[in-house]
>>> print(open('model.cif').read())   # mmCIF, C-alpha atoms
data_query
#
loop_
_atom_site.label_atom_id
_atom_site.label_comp_id
_atom_site.auth_asym_id
_atom_site.auth_seq_id
_atom_site.Cartn_x
_atom_site.Cartn_y
_atom_site.Cartn_z
CA THR A 1487 55.64 32.56 -100.45
CA VAL A 1488 55.31 31.06 -103.91
CA MET A 1489 52.17 33.12 -104.56
CA GLY A 1490 53.92 36.32 -103.46
CA SER A 1491 56.89 35.63 -105.73
CA LYS A 1492 54.57 34.98 -108.69
CA LEU A 1493 52.78 38.29 -108.10
CA LEU A 1494 56.15 40.04 -107.88
CA LEU A 1495 57.15 38.41 -111.17
CA SER A 1496 53.88 39.63 -112.68
CA ASP A 1497 54.76 43.17 -111.59
CA LEU A 1498 58.25 42.88 -113.11
CA GLU A 1499 56.81 41.59 -116.40
CA PHE A 1500 54.41 44.56 -116.44
CA ARG A 1501 57.23 47.03 -115.89
CA ALA A 1502 59.12 45.41 -118.76
CA GLY A 1503 56.12 45.90 -121.05
CA ASN A 1504 55.29 42.19 -121.22
CA PHE A 1505 51.64 42.80 -120.42
CA LYS A 1506 50.29 39.46 -121.64
CA ASN A 1507 52.72 37.44 -119.51
CA SER A 1508 52.11 39.74 -116.59
CA TYR A 1509 48.36 39.25 -116.75
CA GLN A 1510 48.62 35.48 -117.06
CA LEU A 1511 50.73 35.33 -113.90
CA LEU A 1512 48.29 37.57 -112.06
CA LYS A 1513 45.27 35.65 -113.34
CA ASP A 1514 46.73 32.39 -112.02
CA HIS A 1515 47.72 33.76 -108.59
CA TYR A 1516 45.55 36.77 -107.64
CA THR A 1517 43.85 36.72 -104.23
CA LYS A 1518 41.33 39.57 -104.60
CA PRO A 1519 39.36 40.75 -107.68
CA GLY A 1520 40.51 44.28 -106.89
CA GLN A 1521 43.97 43.22 -108.08
CA LEU A 1522 42.53 42.50 -111.52
CA LEU A 1523 40.75 45.88 -111.63
CA GLN A 1524 43.97 47.63 -110.63
CA PHE A 1525 45.92 45.77 -113.30
CA ALA A 1526 43.44 46.87 -115.99
CA GLN A 1527 43.59 50.48 -114.78
CA HIS A 1528 47.39 50.47 -114.90
CA ALA A 1529 47.31 48.85 -118.35
CA THR A 1530 45.04 51.63 -119.62
CA LYS A 1531 47.44 54.27 -118.25
CA ALA A 1532 50.28 52.44 -120.03
CA LYS A 1533 48.20 52.55 -123.25
CA ALA A 1534 48.07 48.74 -123.31
CA PHE A 1535 44.42 49.03 -124.27
CA ASP A 1536 43.93 45.56 -125.74
CA ILE A 1537 45.09 43.71 -122.62
CA ALA A 1538 43.08 46.09 -120.39
CA LEU A 1539 39.93 45.27 -122.35
CA ILE A 1540 40.68 41.53 -122.05
CA VAL A 1541 40.99 41.88 -118.26
CA TYR A 1542 37.75 43.85 -117.96
CA THR A 1543 35.95 41.30 -120.14
CA ASP A 1544 37.21 38.45 -117.96
CA ILE A 1545 35.93 40.24 -114.84
CA ILE A 1546 32.53 40.96 -116.41
CA ASP A 1547 32.20 37.31 -117.45
CA SER A 1548 33.07 36.09 -113.95
CA ASN A 1549 30.84 35.44 -110.93
CA PHE A 1550 32.29 38.29 -108.87
CA LYS A 1551 30.06 40.56 -106.80
CA ASN A 1552 27.94 43.08 -108.67
CA ASP A 1553 29.96 46.13 -107.51
CA ILE A 1554 33.15 44.60 -108.97
CA ILE A 1555 31.41 43.87 -112.26
CA GLN A 1556 29.96 47.41 -112.38
CA SER A 1557 33.45 48.81 -111.79
CA ALA A 1558 34.77 46.65 -114.64
CA ILE A 1559 32.03 47.87 -116.99
CA TYR A 1560 32.85 51.48 -116.12
CA GLY A 1561 36.58 50.77 -116.49
CA MET A 1562 36.01 49.20 -119.90
CA ALA A 1563 34.22 52.35 -121.04
CA GLN A 1564 37.10 54.50 -119.79
CA THR A 1565 39.58 52.32 -121.67
CA LEU A 1566 37.57 52.49 -124.90
CA GLU A 1567 37.32 56.27 -124.50
CA SER A 1568 41.08 56.63 -123.92
CA GLN A 1569 41.83 54.32 -126.85
CA SER A 1570 39.81 56.48 -129.24
CA ILE A 1571 41.56 59.78 -128.42
CA LYS A 1572 44.22 60.94 -130.83
CA SER A 1573 47.07 63.05 -129.48
CA GLU A 1574 46.79 66.52 -131.03
CA SER A 1575 50.52 66.88 -131.63
CA VAL A 1576 53.57 64.62 -131.54
CA LEU A 1577 56.03 67.50 -131.38
CA PRO A 1578 57.98 67.20 -128.10
CA LEU A 1579 59.52 70.69 -127.83
CA SER A 1580 57.74 73.17 -130.05
CA GLN A 1581 54.09 73.09 -129.05
CA PHE A 1582 52.57 76.52 -128.42
CA PHE A 1583 52.72 76.85 -124.60
CA ASP A 1584 52.10 73.15 -124.17
CA GLY A 1585 49.59 72.31 -121.44
CA ASN A 1586 48.70 75.94 -120.72
CA GLU A 1587 44.91 76.12 -120.32
CA PHE A 1588 44.82 79.74 -121.56
CA PHE A 1589 46.02 78.66 -125.02
CA GLU A 1590 44.85 75.07 -125.51
CA SER A 1591 41.62 73.92 -127.07
CA PRO A 1592 39.58 71.63 -124.79
CA TYR A 1593 38.59 69.52 -127.78
CA TYR A 1594 40.26 66.31 -128.88
CA THR A 1595 40.40 64.44 -132.16
CA VAL A 1596 39.11 60.90 -132.62
CA GLU A 1597 40.74 58.68 -135.24
CA GLU A 1598 38.11 57.54 -137.73
CA SER A 1599 39.25 53.93 -137.35
CA LEU A 1600 38.69 54.19 -133.58
CA LEU A 1601 35.19 55.68 -133.74
CA PRO A 1602 33.69 52.24 -132.93
CA SER A 1603 35.61 52.28 -129.62
CA LEU A 1604 34.21 55.70 -128.78
CA TRP A 1605 30.66 54.65 -129.60
CA LYS A 1606 31.04 51.55 -127.41
CA ALA A 1607 32.20 53.80 -124.57
CA ILE A 1608 29.23 56.13 -125.13
CA ASN A 1609 26.78 53.23 -125.05
CA ILE A 1610 28.28 51.81 -121.84
CA TYR A 1611 28.29 55.19 -120.08
CA ASP A 1612 24.72 55.83 -121.20
CA SER A 1613 23.59 52.44 -119.96
CA LEU A 1614 25.24 52.96 -116.57
CA ARG A 1615 23.68 56.43 -116.38
CA ILE A 1616 20.14 55.30 -117.23
CA LYS A 1617 19.98 51.91 -115.49
CA HIS A 1618 22.06 52.62 -112.39
CA GLY A 1619 22.05 56.42 -112.06
CA ASN A 1620 25.87 56.31 -112.19
CA LEU A 1621 26.97 59.96 -111.97
CA ASP A 1622 30.64 59.16 -112.72
CA ALA A 1623 29.47 57.65 -116.02
CA THR A 1624 27.25 60.69 -116.56
CA PHE A 1625 30.28 62.95 -116.17
CA ARG A 1626 32.37 60.86 -118.61
CA LEU A 1627 29.51 60.95 -121.13
CA ALA A 1628 29.35 64.73 -120.77
CA GLU A 1629 33.11 64.92 -121.40
CA ILE A 1630 32.73 63.02 -124.68
CA LYS A 1631 29.75 65.10 -125.79
CA PHE A 1632 31.70 68.29 -125.10
CA LYS A 1633 35.26 67.46 -126.13
CA ALA A 1634 34.76 64.93 -128.93
CA MET A 1635 31.29 65.66 -130.34
CA ASN A 1636 30.97 69.44 -129.73
CA ASP A 1637 27.44 68.80 -128.42
CA LEU A 1638 27.53 71.77 -126.06
CA ASP A 1639 23.88 71.76 -125.05
CA GLY A 1640 23.80 68.00 -124.45
CA ALA A 1641 27.00 68.18 -122.41
CA PHE A 1642 25.72 71.16 -120.41
CA LEU A 1643 22.61 69.26 -119.26
CA LEU A 1644 24.70 66.30 -118.11
CA TYR A 1645 27.28 68.45 -116.31
CA GLU A 1646 24.44 70.33 -114.61
CA LYS A 1647 22.92 67.07 -113.37
CA VAL A 1648 26.27 65.90 -111.99
CA ALA A 1649 26.90 69.27 -110.28
CA GLN A 1650 23.49 69.11 -108.63
CA LYS A 1651 23.37 65.45 -107.58
CA THR A 1652 26.80 63.90 -107.06
CA HIS A 1653 28.07 63.45 -103.50
CA LYS A 1654 31.69 63.39 -104.73
CA LYS A 1655 32.96 66.91 -104.12
CA ASP A 1656 35.82 66.68 -106.63
CA ILE A 1657 33.50 65.58 -109.47
CA ARG A 1658 30.96 68.21 -108.46
CA PHE A 1659 33.61 70.93 -108.72
CA LEU A 1660 34.90 69.59 -112.05
CA ALA A 1661 31.35 69.61 -113.43
CA ALA A 1662 30.99 73.24 -112.31
CA LEU A 1663 34.22 74.17 -114.11
CA ARG A 1664 32.98 72.45 -117.26
CA ILE A 1665 29.75 74.48 -117.13
CA ILE A 1666 31.96 77.58 -117.24
CA ASP A 1667 33.94 76.06 -120.14
CA ILE A 1668 30.72 75.39 -122.08
CA ASN A 1669 29.83 79.08 -121.85
CA LEU A 1670 33.31 79.97 -123.08
CA ALA A 1671 32.98 77.49 -125.94
CA LYS A 1672 29.82 79.36 -126.91
CA GLY A 1673 31.82 82.62 -126.81
CA ASN A 1674 29.74 83.97 -123.92
CA THR A 1675 32.34 85.49 -121.57
CA GLN A 1676 29.76 87.50 -119.61
CA LYS A 1677 27.68 84.43 -118.80
CA ALA A 1678 30.84 82.54 -117.84
CA LEU A 1679 31.75 85.33 -115.39
CA ALA A 1680 28.25 85.30 -113.93
CA GLN A 1681 28.53 81.55 -113.48
CA ILE A 1682 31.80 81.97 -111.58
CA ASN A 1683 30.22 84.48 -109.23
CA SER A 1684 27.44 81.99 -108.58
CA PHE A 1685 29.86 79.13 -107.93
CA LYS A 1686 31.90 81.24 -105.50
CA ARG A 1687 28.98 80.92 -103.09
CA ASN A 1688 29.02 77.11 -103.32
CA PHE A 1689 32.72 76.26 -103.35
CA LYS A 1690 34.51 77.61 -100.29
CA LYS A 1691 37.68 75.49 -100.04
CA GLU A 1692 40.88 77.49 -100.54
CA ASN A 1693 42.01 75.50 -103.60
CA GLU A 1694 38.52 75.80 -105.16
CA LYS A 1695 38.45 79.56 -104.60
CA LEU A 1696 41.91 79.87 -106.16
CA ILE A 1697 40.95 77.81 -109.21
CA LEU A 1698 37.86 79.98 -109.70
CA LYS A 1699 40.08 83.08 -109.51
CA ILE A 1700 42.32 81.59 -112.22
CA LYS A 1701 39.22 80.89 -114.32
CA GLU A 1702 38.09 84.48 -113.80
CA SER A 1703 41.47 85.76 -114.99
CA GLN A 1704 41.22 83.47 -118.01
CA ILE A 1705 37.79 84.84 -118.93
CA ASN A 1706 38.92 88.46 -118.53
CA PHE A 1707 41.87 87.57 -120.76
CA TYR A 1708 39.59 86.17 -123.50
CA ALA A 1709 37.37 89.23 -123.21
CA GLY A 1710 40.41 91.40 -124.05
CA GLU A 1711 40.38 93.10 -120.63
CA PHE A 1712 44.08 93.97 -120.41
CA GLN A 1713 44.08 95.61 -116.97
CA SER A 1714 41.70 93.29 -115.11
CA SER A 1715 43.23 90.09 -116.49
CA GLY A 1716 46.73 91.26 -115.60
CA ASP A 1717 45.77 92.49 -112.12
CA SER A 1718 43.86 89.33 -111.24
CA LEU A 1719 46.75 87.13 -112.40
CA ILE A 1720 49.19 89.07 -110.23
CA GLN A 1721 46.92 88.41 -107.26
CA VAL A 1722 46.65 84.71 -108.10
CA LEU A 1723 50.43 84.38 -108.46
CA LYS A 1724 50.85 85.91 -104.99
CA GLU A 1725 48.53 83.29 -103.50
CA LEU A 1726 49.73 80.29 -105.51
CA PRO A 1727 52.74 78.33 -104.19
CA LYS A 1728 55.70 78.65 -106.55
CA ASP A 1729 55.95 74.86 -106.84
CA ALA A 1730 52.29 74.52 -107.86
CA PRO A 1731 51.80 72.80 -111.26
CA ARG A 1732 50.08 75.85 -112.79
CA TYR A 1733 52.49 78.47 -111.46
CA ASN A 1734 54.87 78.61 -114.44
CA ASP A 1735 51.99 78.51 -116.93
CA LEU A 1736 50.35 81.51 -115.27
CA LEU A 1737 53.70 83.29 -115.12
CA ASP A 1738 53.99 82.80 -118.90
CA VAL A 1739 50.54 84.32 -119.38
CA GLN A 1740 51.43 87.28 -117.15
CA SER A 1741 54.64 87.87 -119.13
CA ILE A 1742 52.70 87.82 -122.39
CA ILE A 1743 50.12 90.28 -121.06
CA LEU A 1744 52.92 92.67 -120.01
CA ALA A 1745 54.42 92.44 -123.51
CA PHE A 1746 51.19 93.93 -124.87
CA LYS A 1747 51.41 97.06 -122.68
CA ASP A 1748 50.40 100.13 -124.76
CA GLU A 1749 49.29 97.75 -127.56
CA ASP A 1750 45.58 97.61 -126.76
CA LYS A 1751 44.39 96.76 -130.26
CA ALA A 1752 46.92 93.98 -130.68
CA PHE A 1753 46.03 92.54 -127.26
CA THR A 1754 42.33 92.52 -128.12
CA THR A 1755 43.15 90.62 -131.32
CA PHE A 1756 45.42 88.14 -129.52
CA ALA A 1757 42.76 87.52 -126.87
CA LYS A 1758 40.09 87.00 -129.50
CA VAL A 1759 42.30 84.43 -131.25
CA GLN A 1760 42.59 82.44 -128.00
CA LEU A 1761 38.81 82.56 -127.50
CA LEU A 1762 38.29 81.28 -131.06
CA ILE A 1763 40.62 78.36 -130.30
CA ILE A 1764 38.64 77.57 -127.14
CA GLN A 1765 35.54 77.57 -129.37
CA ASN A 1766 37.20 75.07 -131.75
CA LYS A 1767 37.27 77.71 -134.50
CA ARG A 1768 40.82 77.17 -135.69
CA VAL A 1769 40.29 78.42 -139.26
CA GLN A 1770 38.76 81.70 -138.04
CA ALA A 1771 41.68 82.08 -135.61
CA LEU A 1772 44.13 81.68 -138.50
CA ASP A 1773 42.21 84.23 -140.57
CA LEU A 1774 42.47 86.74 -137.73
CA LEU A 1775 46.18 86.05 -137.18
CA SER A 1776 46.86 86.62 -140.88
CA THR A 1777 45.70 90.25 -140.54
CA GLN A 1778 48.52 91.08 -138.10
CA ASN A 1779 51.53 91.18 -140.44
CA GLN A 1780 52.25 94.92 -140.13
CA ILE A 1781 52.82 95.08 -136.37
CA GLU A 1782 56.12 96.84 -135.49
CA ASN A 1783 56.59 95.33 -132.02
CA HIS A 1784 58.89 92.35 -132.63
CA PHE A 1785 57.60 90.21 -129.75
CA ILE A 1786 53.95 90.69 -130.65
CA ARG A 1787 54.53 90.11 -134.34
CA ASP A 1788 56.58 86.97 -133.61
CA ILE A 1789 54.04 85.46 -131.23
CA PHE A 1790 51.32 85.96 -133.85
CA LEU A 1791 53.52 84.32 -136.51
CA TYR A 1792 54.52 81.43 -134.27
CA GLN A 1793 50.99 80.67 -133.17
CA ALA A 1794 49.78 80.83 -136.77
CA ALA A 1795 52.54 78.38 -137.76
CA TYR A 1796 51.57 76.01 -134.97
CA LEU A 1797 47.88 76.15 -135.90
CA TYR A 1798 48.82 75.35 -139.52
CA VAL A 1799 50.70 72.31 -138.19
CA LEU A 1800 47.51 71.16 -136.43
CA GLN A 1801 45.72 71.65 -139.76
CA ASN A 1802 48.40 69.49 -141.48
CA GLU A 1803 49.32 72.48 -143.68
CA PHE A 1804 53.07 72.15 -143.17
CA GLY A 1805 54.11 74.35 -146.09
CA SER A 1806 52.06 77.27 -144.76
CA ALA A 1807 53.50 76.68 -141.29
CA ILE A 1808 57.08 76.88 -142.55
CA GLU A 1809 56.27 80.05 -144.52
CA LYS A 1810 55.14 81.72 -141.27
CA LEU A 1811 58.22 80.49 -139.38
CA ASN A 1812 60.51 82.01 -141.99
CA LEU A 1813 59.01 85.43 -141.21
CA VAL A 1814 59.90 85.35 -137.49
CA SER A 1815 62.22 88.27 -136.72
CA GLY A 1816 65.17 86.51 -135.07
CA LYS A 1817 65.05 89.05 -132.21
CA THR A 1818 62.86 87.24 -129.67
CA ILE A 1819 62.56 83.84 -127.95
CA PHE A 1820 60.34 82.82 -130.84
CA SER A 1821 63.38 82.85 -133.14
CA GLU A 1822 64.67 79.78 -131.24
CA MET A 1823 61.24 78.19 -131.16
CA ALA A 1824 60.72 78.80 -134.88
CA VAL A 1825 63.89 76.90 -135.74
CA ILE A 1826 62.88 74.00 -133.48
CA LEU A 1827 59.34 73.87 -134.87
CA HIS A 1828 60.69 73.90 -138.44
CA ALA A 1829 63.03 71.01 -137.63
CA GLU A 1830 60.34 69.03 -135.79
CA ILE A 1831 57.88 69.42 -138.67
CA LEU A 1832 60.45 67.84 -140.99
CA ASP A 1833 61.55 65.29 -138.42
CA TYR A 1834 58.27 63.97 -136.98
CA LEU A 1835 55.62 64.91 -139.54
CA VAL A 1836 57.16 65.10 -143.02
CA GLY A 1837 59.93 62.52 -142.63
CA ASN A 1838 62.66 64.66 -144.20
CA ILE A 1839 65.25 63.54 -141.66
CA GLY A 1840 68.31 64.81 -143.52
CA THR A 1841 67.12 68.42 -143.65
CA ALA A 1842 65.82 68.17 -140.06
CA ILE A 1843 69.31 67.13 -138.91
CA ASP A 1844 70.87 70.09 -140.74
CA ILE A 1845 68.45 72.47 -138.98
CA TYR A 1846 69.08 70.87 -135.58
CA LEU A 1847 72.85 71.22 -136.07
CA LYS A 1848 72.47 74.87 -137.09
CA PHE A 1849 70.38 75.42 -133.96
CA LEU A 1850 73.17 74.05 -131.74
CA GLU A 1851 75.63 76.36 -133.48
CA ASP A 1852 73.44 79.48 -133.23
CA TYR A 1853 71.96 78.94 -129.76
CA PRO A 1854 74.60 77.27 -127.53
CA LEU A 1855 73.00 78.69 -124.35
CA SER A 1856 69.46 77.64 -125.18
CA ILE A 1857 67.47 75.68 -122.58
CA TYR A 1858 66.66 73.29 -125.44
CA TYR A 1859 70.32 72.62 -126.31
CA ASP A 1860 70.53 69.26 -124.52
CA ASP A 1861 67.14 68.11 -125.85
CA ILE A 1862 68.27 68.81 -129.41
CA ARG A 1863 71.57 66.98 -128.81
CA ILE A 1864 69.70 63.94 -127.53
CA ARG A 1865 67.38 63.97 -130.54
CA LEU A 1866 70.35 64.13 -132.93
CA ARG A 1867 71.87 61.13 -131.16
CA GLU A 1868 68.59 59.21 -131.58
CA LEU A 1869 68.47 60.03 -135.29
CA ALA A 1870 72.08 58.94 -135.73
CA SER A 1871 71.62 55.56 -134.02
#
>>> encode(input="model.cif", output="structure tokens")
Amino acid sequence: TVMGSKLLLSDLEFRAGNFKNSYQLLKDHYTKPGQLLQFAQHATKAKAFDIALIVYTDIIDSNFKNDIIQSAIYGMAQTLESQSIKSESVLPLSQFFDGNEFFESPYYTVEESLLPSLWKAINIYDSLRIKHGNLDATFRLAEIKFKAMNDLDGAFLLYEKVAQKTHKKDIRFLAALRIIDINLAKGNTQKALAQINSFKRNFKKENEKLILKIKESQINFYAGEFQSSGDSLIQVLKELPKDAPRYNDLLDVQSIILAFKDEDKAFTTFAKVQLLIIQNKRVQALDLLSTQNQIENHFIRDIFLYQAAYLYVLQNEFGSAIEKLNLVSGKTIFSEMAVILHAEILDYLVGNIGTAIDIYLKFLEDYPLSIYYDDIRIRLRELAS
């Protein structure tokens, strides 16, 4: 049909990144308002925030049923929230165990110029929470209070309400996990463990029990409990399918723990650094890392140096980061990573492309068997074009 072909053309325009043309075609030929909501959701995922907000505004200004309009209001808040979040790092290869929950801060940065978007999102979520008792909006508001505003007590109360009242089991479980994270953000590992033991009685699905076990291992790790964190991770890895998204991350953690065998003091320090990062105390973490320069174990010394360098990058202190990278021993995997991080600092953050290219080329010469070899080659080709 003509209508079907127009909708197909709209989809093709969207895939090509022509979001405005795509929406106009959809707007002229849609058959159900759900198609407009879906378009706006996909636009938000594609970071086409402006067009997503236009779509949501059009829906809100329409005479659609109230549930559609409520969904659009909620979607608009989600888009404004997503728009305001700044990516912590633009470095594609050299992030410190990228995506690994044991090493990443839960907090995110908001661009000052985008603060109005965040405040609009907060106001919409709050209105949906108060006027309509919307627990999804309550959860999103809690996420902002925790991750953007560091309002731990305010977030805790909202998460607690969601955990107690929502009928959506997935949101209820997420809220429970965030309650544990709030205790960790306060540095209270014992209370976090007690909370897990309490939640074990409420969440009985196999995947929920496994996630709680992972969380327990994470807390033991932050508490500097070498034996219990290692043992519990071994058990989790036995139960977790090898193709599970978290499997390789947990394997990395287990390998790191084993590297600290017979290095109890160093492990306690490393664990404390990770807990400080979870608490959004990056400066204190750097101070603690700076005390570890005399360690003889090459792997442990290098991981301290590399993490310090990466934290300096997040602080926009690129000179200090490069100083740390120059101290890496050259005898561990972090020797490769240090070269890549040095090059990526110059490439993506400083804009010294010439020197970055020289370092990339030296990397290809020194590490021909590296798993990053092809990635570096592709980047050099991009810089040359």
>>> closest_atom_pairs(input="model.cif", of="region 1696-1797 of chain A", to="region 1628-1635 of chain A", cutoff="12 Å", atoms="only C-alpha atoms", output="tab-separated table")
residue	atom	partner	partner_atom	distance
A:Ile1764	CA	A:Lys1633	CA	10.7
A:Gln1765	CA	A:Lys1633	CA	10.6
A:Asn1766	CA	A:Lys1633	CA	9.7
>>> resolve_selection(input="model.cif", expression="the PyMOL selection byres ((chain A and resi 1849) around 12)", output="PDB file with C-alpha atoms, in the coordinates of the input")
ATOM      1  CA  SER A1821      63.380  82.850-133.140  1.00  0.00           C
ATOM      2  CA  GLU A1822      64.670  79.780-131.240  1.00  0.00           C
ATOM      3  CA  MET A1823      61.240  78.190-131.160  1.00  0.00           C
ATOM      4  CA  ALA A1824      60.720  78.800-134.880  1.00  0.00           C
ATOM      5  CA  VAL A1825      63.890  76.900-135.740  1.00  0.00           C
ATOM      6  CA  ILE A1826      62.880  74.000-133.480  1.00  0.00           C
ATOM      7  CA  LEU A1827      59.340  73.870-134.870  1.00  0.00           C
ATOM      8  CA  HIS A1828      60.690  73.900-138.440  1.00  0.00           C
ATOM      9  CA  ALA A1829      63.030  71.010-137.630  1.00  0.00           C
ATOM     10  CA  ALA A1842      65.820  68.170-140.060  1.00  0.00           C
ATOM     11  CA  ILE A1843      69.310  67.130-138.910  1.00  0.00           C
ATOM     12  CA  ASP A1844      70.870  70.090-140.740  1.00  0.00           C
ATOM     13  CA  ILE A1845      68.450  72.470-138.980  1.00  0.00           C
ATOM     14  CA  TYR A1846      69.080  70.870-135.580  1.00  0.00           C
ATOM     15  CA  LEU A1847      72.850  71.220-136.070  1.00  0.00           C
ATOM     16  CA  LYS A1848      72.470  74.870-137.090  1.00  0.00           C
ATOM     17  CA  LEU A1850      73.170  74.050-131.740  1.00  0.00           C
ATOM     18  CA  GLU A1851      75.630  76.360-133.480  1.00  0.00           C
ATOM     19  CA  ASP A1852      73.440  79.480-133.230  1.00  0.00           C
ATOM     20  CA  TYR A1853      71.960  78.940-129.760  1.00  0.00           C
ATOM     21  CA  PRO A1854      74.600  77.270-127.530  1.00  0.00           C
ATOM     22  CA  LEU A1855      73.000  78.690-124.350  1.00  0.00           C
ATOM     23  CA  SER A1856      69.460  77.640-125.180  1.00  0.00           C
ATOM     24  CA  ILE A1857      67.470  75.680-122.580  1.00  0.00           C
ATOM     25  CA  TYR A1858      66.660  73.290-125.440  1.00  0.00           C
ATOM     26  CA  TYR A1859      70.320  72.620-126.310  1.00  0.00           C
ATOM     27  CA  ASP A1860      70.530  69.260-124.520  1.00  0.00           C
ATOM     28  CA  ASP A1861      67.140  68.110-125.850  1.00  0.00           C
ATOM     29  CA  ILE A1862      68.270  68.810-129.410  1.00  0.00           C
ATOM     30  CA  ARG A1863      71.570  66.980-128.810  1.00  0.00           C
ATOM     31  CA  LEU A1866      70.350  64.130-132.930  1.00  0.00           C
TER      32      LEU A1866
END
>>> resolve_selection(input="model.cif", expression="the PyMOL selection byres ((chain A and resi 1684-1690) around 10)", output="JSON, numbers by chain")
{"A": [1655, 1658, 1659, 1662, 1663, 1666, 1678, 1679, 1680, 1681, 1682, 1683, 1691, 1692, 1693, 1694, 1695, 1696, 1698, 1699]}
>>> residues_around(input="model.cif", residues="region 1717-1722 of chain A", least_positions_apart="3", cutoff="12 Å", atoms="only C-alpha atoms", output="compact mmCIF listing (two decimals) with C-alpha atoms, in the coordinates of the input")
# COMPACT_ATOMS: atom_id res chain seq x y z
CA PHE A 1588 44.82 79.74 -121.56
CA GLU A 1692 40.88 77.49 -100.54
CA ASN A 1693 42.01 75.50 -103.60
CA LYS A 1695 38.45 79.56 -104.60
CA LEU A 1696 41.91 79.87 -106.16
CA ILE A 1697 40.95 77.81 -109.21
CA LEU A 1698 37.86 79.98 -109.70
CA LYS A 1699 40.08 83.08 -109.51
CA ILE A 1700 42.32 81.59 -112.22
CA LYS A 1701 39.22 80.89 -114.32
CA GLU A 1702 38.09 84.48 -113.80
CA SER A 1703 41.47 85.76 -114.99
CA GLN A 1704 41.22 83.47 -118.01
CA ILE A 1705 37.79 84.84 -118.93
CA ASN A 1706 38.92 88.46 -118.53
CA PHE A 1707 41.87 87.57 -120.76
CA GLU A 1711 40.38 93.10 -120.63
CA PHE A 1712 44.08 93.97 -120.41
CA GLN A 1713 44.08 95.61 -116.97
CA SER A 1714 41.70 93.29 -115.11
CA GLU A 1725 48.53 83.29 -103.50
CA LEU A 1726 49.73 80.29 -105.51
CA PRO A 1727 52.74 78.33 -104.19
CA LYS A 1728 55.70 78.65 -106.55
CA ALA A 1730 52.29 74.52 -107.86
CA ARG A 1732 50.08 75.85 -112.79
CA TYR A 1733 52.49 78.47 -111.46
CA ASN A 1734 54.87 78.61 -114.44
CA ASP A 1735 51.99 78.51 -116.93
CA LEU A 1736 50.35 81.51 -115.27
CA LEU A 1737 53.70 83.29 -115.12
CA ASP A 1738 53.99 82.80 -118.90
CA VAL A 1739 50.54 84.32 -119.38
CA GLN A 1740 51.43 87.28 -117.15
CA SER A 1741 54.64 87.87 -119.13
CA ILE A 1742 52.70 87.82 -122.39
CA ILE A 1743 50.12 90.28 -121.06
CA LEU A 1744 52.92 92.67 -120.01
>>> resolve_selection(input="model.cif", expression="the PyMOL selection byres ((chain A and resi 1608-1611) around 10)", output="PyMOL selection string")
chain A and resi 1559-1564+1566-1567+1602-1607+1612-1616+1620-1628+1630-1631
>>> write_last_selection(input="model.cif", atoms="C-alpha atoms", output="PDB file, keeping the file's coordinate frame")
ATOM      1  CA  ILE A1559      32.030  47.870-116.990  1.00  0.00           C
ATOM      2  CA  TYR A1560      32.850  51.480-116.120  1.00  0.00           C
ATOM      3  CA  GLY A1561      36.580  50.770-116.490  1.00  0.00           C
ATOM      4  CA  MET A1562      36.010  49.200-119.900  1.00  0.00           C
ATOM      5  CA  ALA A1563      34.220  52.350-121.040  1.00  0.00           C
ATOM      6  CA  GLN A1564      37.100  54.500-119.790  1.00  0.00           C
ATOM      7  CA  LEU A1566      37.570  52.490-124.900  1.00  0.00           C
ATOM      8  CA  GLU A1567      37.320  56.270-124.500  1.00  0.00           C
ATOM      9  CA  PRO A1602      33.690  52.240-132.930  1.00  0.00           C
ATOM     10  CA  SER A1603      35.610  52.280-129.620  1.00  0.00           C
ATOM     11  CA  LEU A1604      34.210  55.700-128.780  1.00  0.00           C
ATOM     12  CA  TRP A1605      30.660  54.650-129.600  1.00  0.00           C
ATOM     13  CA  LYS A1606      31.040  51.550-127.410  1.00  0.00           C
ATOM     14  CA  ALA A1607      32.200  53.800-124.570  1.00  0.00           C
ATOM     15  CA  ASP A1612      24.720  55.830-121.200  1.00  0.00           C
ATOM     16  CA  SER A1613      23.590  52.440-119.960  1.00  0.00           C
ATOM     17  CA  LEU A1614      25.240  52.960-116.570  1.00  0.00           C
ATOM     18  CA  ARG A1615      23.680  56.430-116.380  1.00  0.00           C
ATOM     19  CA  ILE A1616      20.140  55.300-117.230  1.00  0.00           C
ATOM     20  CA  ASN A1620      25.870  56.310-112.190  1.00  0.00           C
ATOM     21  CA  LEU A1621      26.970  59.960-111.970  1.00  0.00           C
ATOM     22  CA  ASP A1622      30.640  59.160-112.720  1.00  0.00           C
ATOM     23  CA  ALA A1623      29.470  57.650-116.020  1.00  0.00           C
ATOM     24  CA  THR A1624      27.250  60.690-116.560  1.00  0.00           C
ATOM     25  CA  PHE A1625      30.280  62.950-116.170  1.00  0.00           C
ATOM     26  CA  ARG A1626      32.370  60.860-118.610  1.00  0.00           C
ATOM     27  CA  LEU A1627      29.510  60.950-121.130  1.00  0.00           C
ATOM     28  CA  ALA A1628      29.350  64.730-120.770  1.00  0.00           C
ATOM     29  CA  ILE A1630      32.730  63.020-124.680  1.00  0.00           C
ATOM     30  CA  LYS A1631      29.750  65.100-125.790  1.00  0.00           C
TER      31      LYS A1631
END
>>> residues_around(input="model.cif", residues="Leu1775 (chain A)", least_positions_apart="2", cutoff="12 Å", atoms="only C-alpha atoms", output="ChimeraX atom specification")
/A:1752-1760,1762-1763,1768-1773,1777-1781,1786-1798,1810
>>> closest_residue(input="model.cif", among="A:Ala1538, A:Leu1835, A:Ile1571, A:Val1596", to="Asn1802 (chain A)", atoms="only C-alpha atoms")
A:Leu1835
